[in-house]
Every structure is written in structure tokens, then in C-alpha cells.
Amino acid sequence: MAGHDPIYHLKDCYFFEVPKALWRQRWMEMEQVPQWLRDAHPHATLADYNRAMDGKILIPQPFATLESLFSVKSGFGISKFMILEVALAAVLFFLFTQLARQLGSGAPPKGRFANLFETFIVLIRDQVARPAIDSHDDRDDDGHHGEGDDGLGTHAHHDHDHGLQVHEGQAAVAVAHAHEGDRFVPLLLTIFF
């Protein structure tokens, strides 16, 4: 029976499932049962249809004809996952618009959501984008690895994590070294959320 298969509850479909007590089909005549359902099960009675469809809220299909609860016969079917994706996109758009307004004002980020979002940005940037995309070649211009003579007779080592070149006995000088992975952080955040 399809009701006992766990995949049945995960598949994309053309109905929303709720507890049967919350949504009872009360079709009184056979003409109220959708035609595609009658075509799929021609020998079922009205009581069979009502019992089988209890707890299933059918999604109206203005652009499609259904073949079953899980497939479209023709046209463009609006499925459960499509509706959930649009609802989630609207929620994310609202939340991130509010956050962008707050951060765009120049004020320091305040609040739980701003701090949580900052944590996600740092996580994606420092744990995903930079380690995966940045160049891991730590050779200097002369082909030396990491530490060596900087041509001025002083010993230098390169700190590639922070883009600094530190000279012994001299002040640290910032090297114009941008992280290549930072360009992909907006895309990775979009995919993440």
C-alpha cells in the first residue's frame, strides 16, 4: 500500500498531506470527484474516494491536467515543492531585505539574526570558499617556498592566511593579496540558504 511506503511522504506531489482529522473529503456525488481520479480508479465507490483522499489537500491545477497524485498528464503542474520553494524564497527575501536595510545604514549589526547571519558568512568564507578556491601555492616570486631571502639580505616568511609579509627586524608590511575565494562567497551563500 502506498500509505505505508516512507518514500510516499517525500515524493513531489500535487497535494499537501495533513492529519486526516483536519481535512475530511466530503464529496457527496461522484461528479465532485476530479475526473482524472475517476479515470485512474474507475471501479472505486464514492466512499472509497472519500476515505483515500482524507488528509490530502489537492493543489488547484489551472495549467495542467493530472494523471495521478504524483504525475501530470499534460500542461504545467504546480507541485508541493514548487509552492514550498516560493514560500521559503519570500521569507528569505523579507528577512534579508530587513537585514540589508539595517546593515546598509552603517550602524553596527545588532540583534540575533544579524549575528547569526554574520556567523554564516564567516563560516562559508573561511571554511568553504577560501580553503577550496584560494591558491595554495606558497612560492614567492623567486620560486622559494615560504621562507627565504627577500633580496634585501633579511630573512622573511610569508603569512598567506593574512596576506602579510613579515621581515625579521622590520615592521610588518601588508601585501596586496586578495583571497580569490571571496568573489564566490555571495554565490555560495545563495546556494547555502
# chains A, B, ... in the order shown; residues from 1 in each chain; ligands from 1

call {"tool": "residues_around", "arguments": {"residues": "Leu69 of chain A", "least_positions_apart": "2", "cutoff": "10 Å", "atoms": "only C-alpha atoms", "output": "list in words"}}
result
Asp12, Cys13, Tyr14, Phe15, Trp36, Leu37, Lys56, Leu58, Ile59, Leu66, Glu67, Ser71, Val72 and Ser79 of chain A

call {"tool": "write_last_selection", "arguments": {"atoms": "C-alpha atoms", "output": "short mmCIF file (atom, residue, chain, number, x, y, z; two decimals), in the first residue's frame"}}
result
data_model
loop_
_atom_site.label_atom_id
_atom_site.label_comp_id
_atom_site.auth_asym_id
_atom_site.auth_seq_id
_atom_site.Cartn_x
_atom_site.Cartn_y
_atom_site.Cartn_z
CA ASP A 12 6.99 15.58 -5.01
CA CYS A 13 3.25 15.51 -5.49
CA TYR A 14 0.24 17.61 -6.29
CA PHE A 15 -1.31 17.68 -2.84
CA TRP A 36 -8.52 12.26 -13.51
CA LEU A 37 -9.06 10.44 -10.21
CA LYS A 56 -4.94 15.25 1.23
CA LEU A 58 -5.34 18.89 -3.63
CA ILE A 59 -3.42 21.78 -5.18
CA LEU A 66 -3.22 15.45 -13.65
CA GLU A 67 -2.80 11.77 -14.33
CA SER A 71 2.26 12.88 -12.22
CA VAL A 72 0.98 15.35 -14.79
CA SER A 79 3.60 20.77 -7.21
#

call {"tool": "closest_residue", "arguments": {"among": "A:Glu180, A:Pro34, A:Val128, A:Val86", "to": "Thr65 of chain A", "atoms": "only C-alpha atoms"}}
result
A:Pro34

call {"tool": "select_by_dssp", "arguments": {"residues": "segment 46-112 of chain A", "states": "strand (DSSP E or B)", "output": "PyMOL selection string"}}
result
chain A and resi 56-58+64-66+72-75

call {"tool": "write_last_selection", "arguments": {"atoms": "N, CA and C atoms", "output": "tab-separated table (two decimals), in the first residue's frame"}}
result
chain	number	residue	atom	x	y	z
A	56	LYS	N	-5.67	14.76	2.41
A	56	LYS	CA	-4.94	15.25	1.23
A	56	LYS	C	-5.65	16.49	0.69
A	57	ILE	N	-4.93	17.60	0.71
A	57	ILE	CA	-5.46	18.85	0.16
A	57	ILE	C	-4.91	18.99	-1.25
A	58	LEU	N	-5.77	18.82	-2.24
A	58	LEU	CA	-5.34	18.89	-3.63
A	58	LEU	C	-4.97	20.33	-4.00
A	64	ALA	N	-2.68	22.58	-15.84
A	64	ALA	CA	-2.32	21.19	-16.10
A	64	ALA	C	-3.51	20.28	-15.88
A	65	THR	N	-3.39	19.10	-16.48
A	65	THR	CA	-4.31	18.01	-16.22
A	65	THR	C	-3.50	16.91	-15.55
A	66	LEU	N	-3.95	16.47	-14.39
A	66	LEU	CA	-3.22	15.45	-13.65
A	66	LEU	C	-3.56	14.06	-14.17
A	72	VAL	N	1.78	14.47	-13.94
A	72	VAL	CA	0.98	15.35	-14.79
A	72	VAL	C	0.75	14.66	-16.13
A	73	LYS	N	-0.47	14.73	-16.59
A	73	LYS	CA	-0.78	14.16	-17.91
A	73	LYS	C	-0.39	15.14	-19.00
A	74	SER	N	-0.74	16.42	-18.81
A	74	SER	CA	-0.38	17.44	-19.78
A	74	SER	C	-0.37	18.80	-19.10
A	75	GLY	N	0.40	19.73	-19.65
A	75	GLY	CA	0.45	21.08	-19.13
A	75	GLY	C	1.52	21.27	-18.08

call {"tool": "residues_around", "arguments": {"residues": "Met30 of chain A", "least_positions_apart": "5", "cutoff": "12 Å", "atoms": "only C-alpha atoms", "output": "list of chain:residue names"}}
result
A:Gln35, A:Leu37, A:Arg38, A:Asp39, A:Pro42, A:His43, A:Ala44, A:Thr45, A:Leu46, A:Ala47, A:Asp48, A:Tyr49, A:Asn50

call {"tool": "atom_distance", "arguments": {"atom1": "atom CA of Pro108 of chain A", "atom2": "atom CA of Leu88 of chain A"}}
result
27.3 Å

call {"tool": "closest_residue", "arguments": {"among": "A:Pro6, A:Pro186, A:Pro19, A:Pro62", "to": "Ala129 of chain A", "atoms": "only C-alpha atoms"}}
result
A:Pro186

call {"tool": "atom_distance", "arguments": {"atom1": "atom CA of Phe76 of chain A", "atom2": "atom CA of Ala40 of chain A"}}
result
19.6 Å

call {"tool": "closest_residue", "arguments": {"among": "A:Gly111, A:Gly106, A:Gly55, A:Gly181", "to": "Gln127 of chain A", "atoms": "only C-alpha atoms"}}
result
A:Gly181

call {"tool": "atom_distance", "arguments": {"atom1": "atom CA of Lys110 of chain A", "atom2": "atom CA of Ala87 of chain A"}}
result
26.3 Å

call {"tool": "residues_around", "arguments": {"residues": "Ser135 of chain A", "least_positions_apart": "3", "cutoff": "9 Å", "atoms": "only C-alpha atoms", "output": "list of chain:residue names"}}
result
A:Arg130, A:Pro131, A:Ala132, A:Asp138, A:His179, A:Glu180, A:Gly181
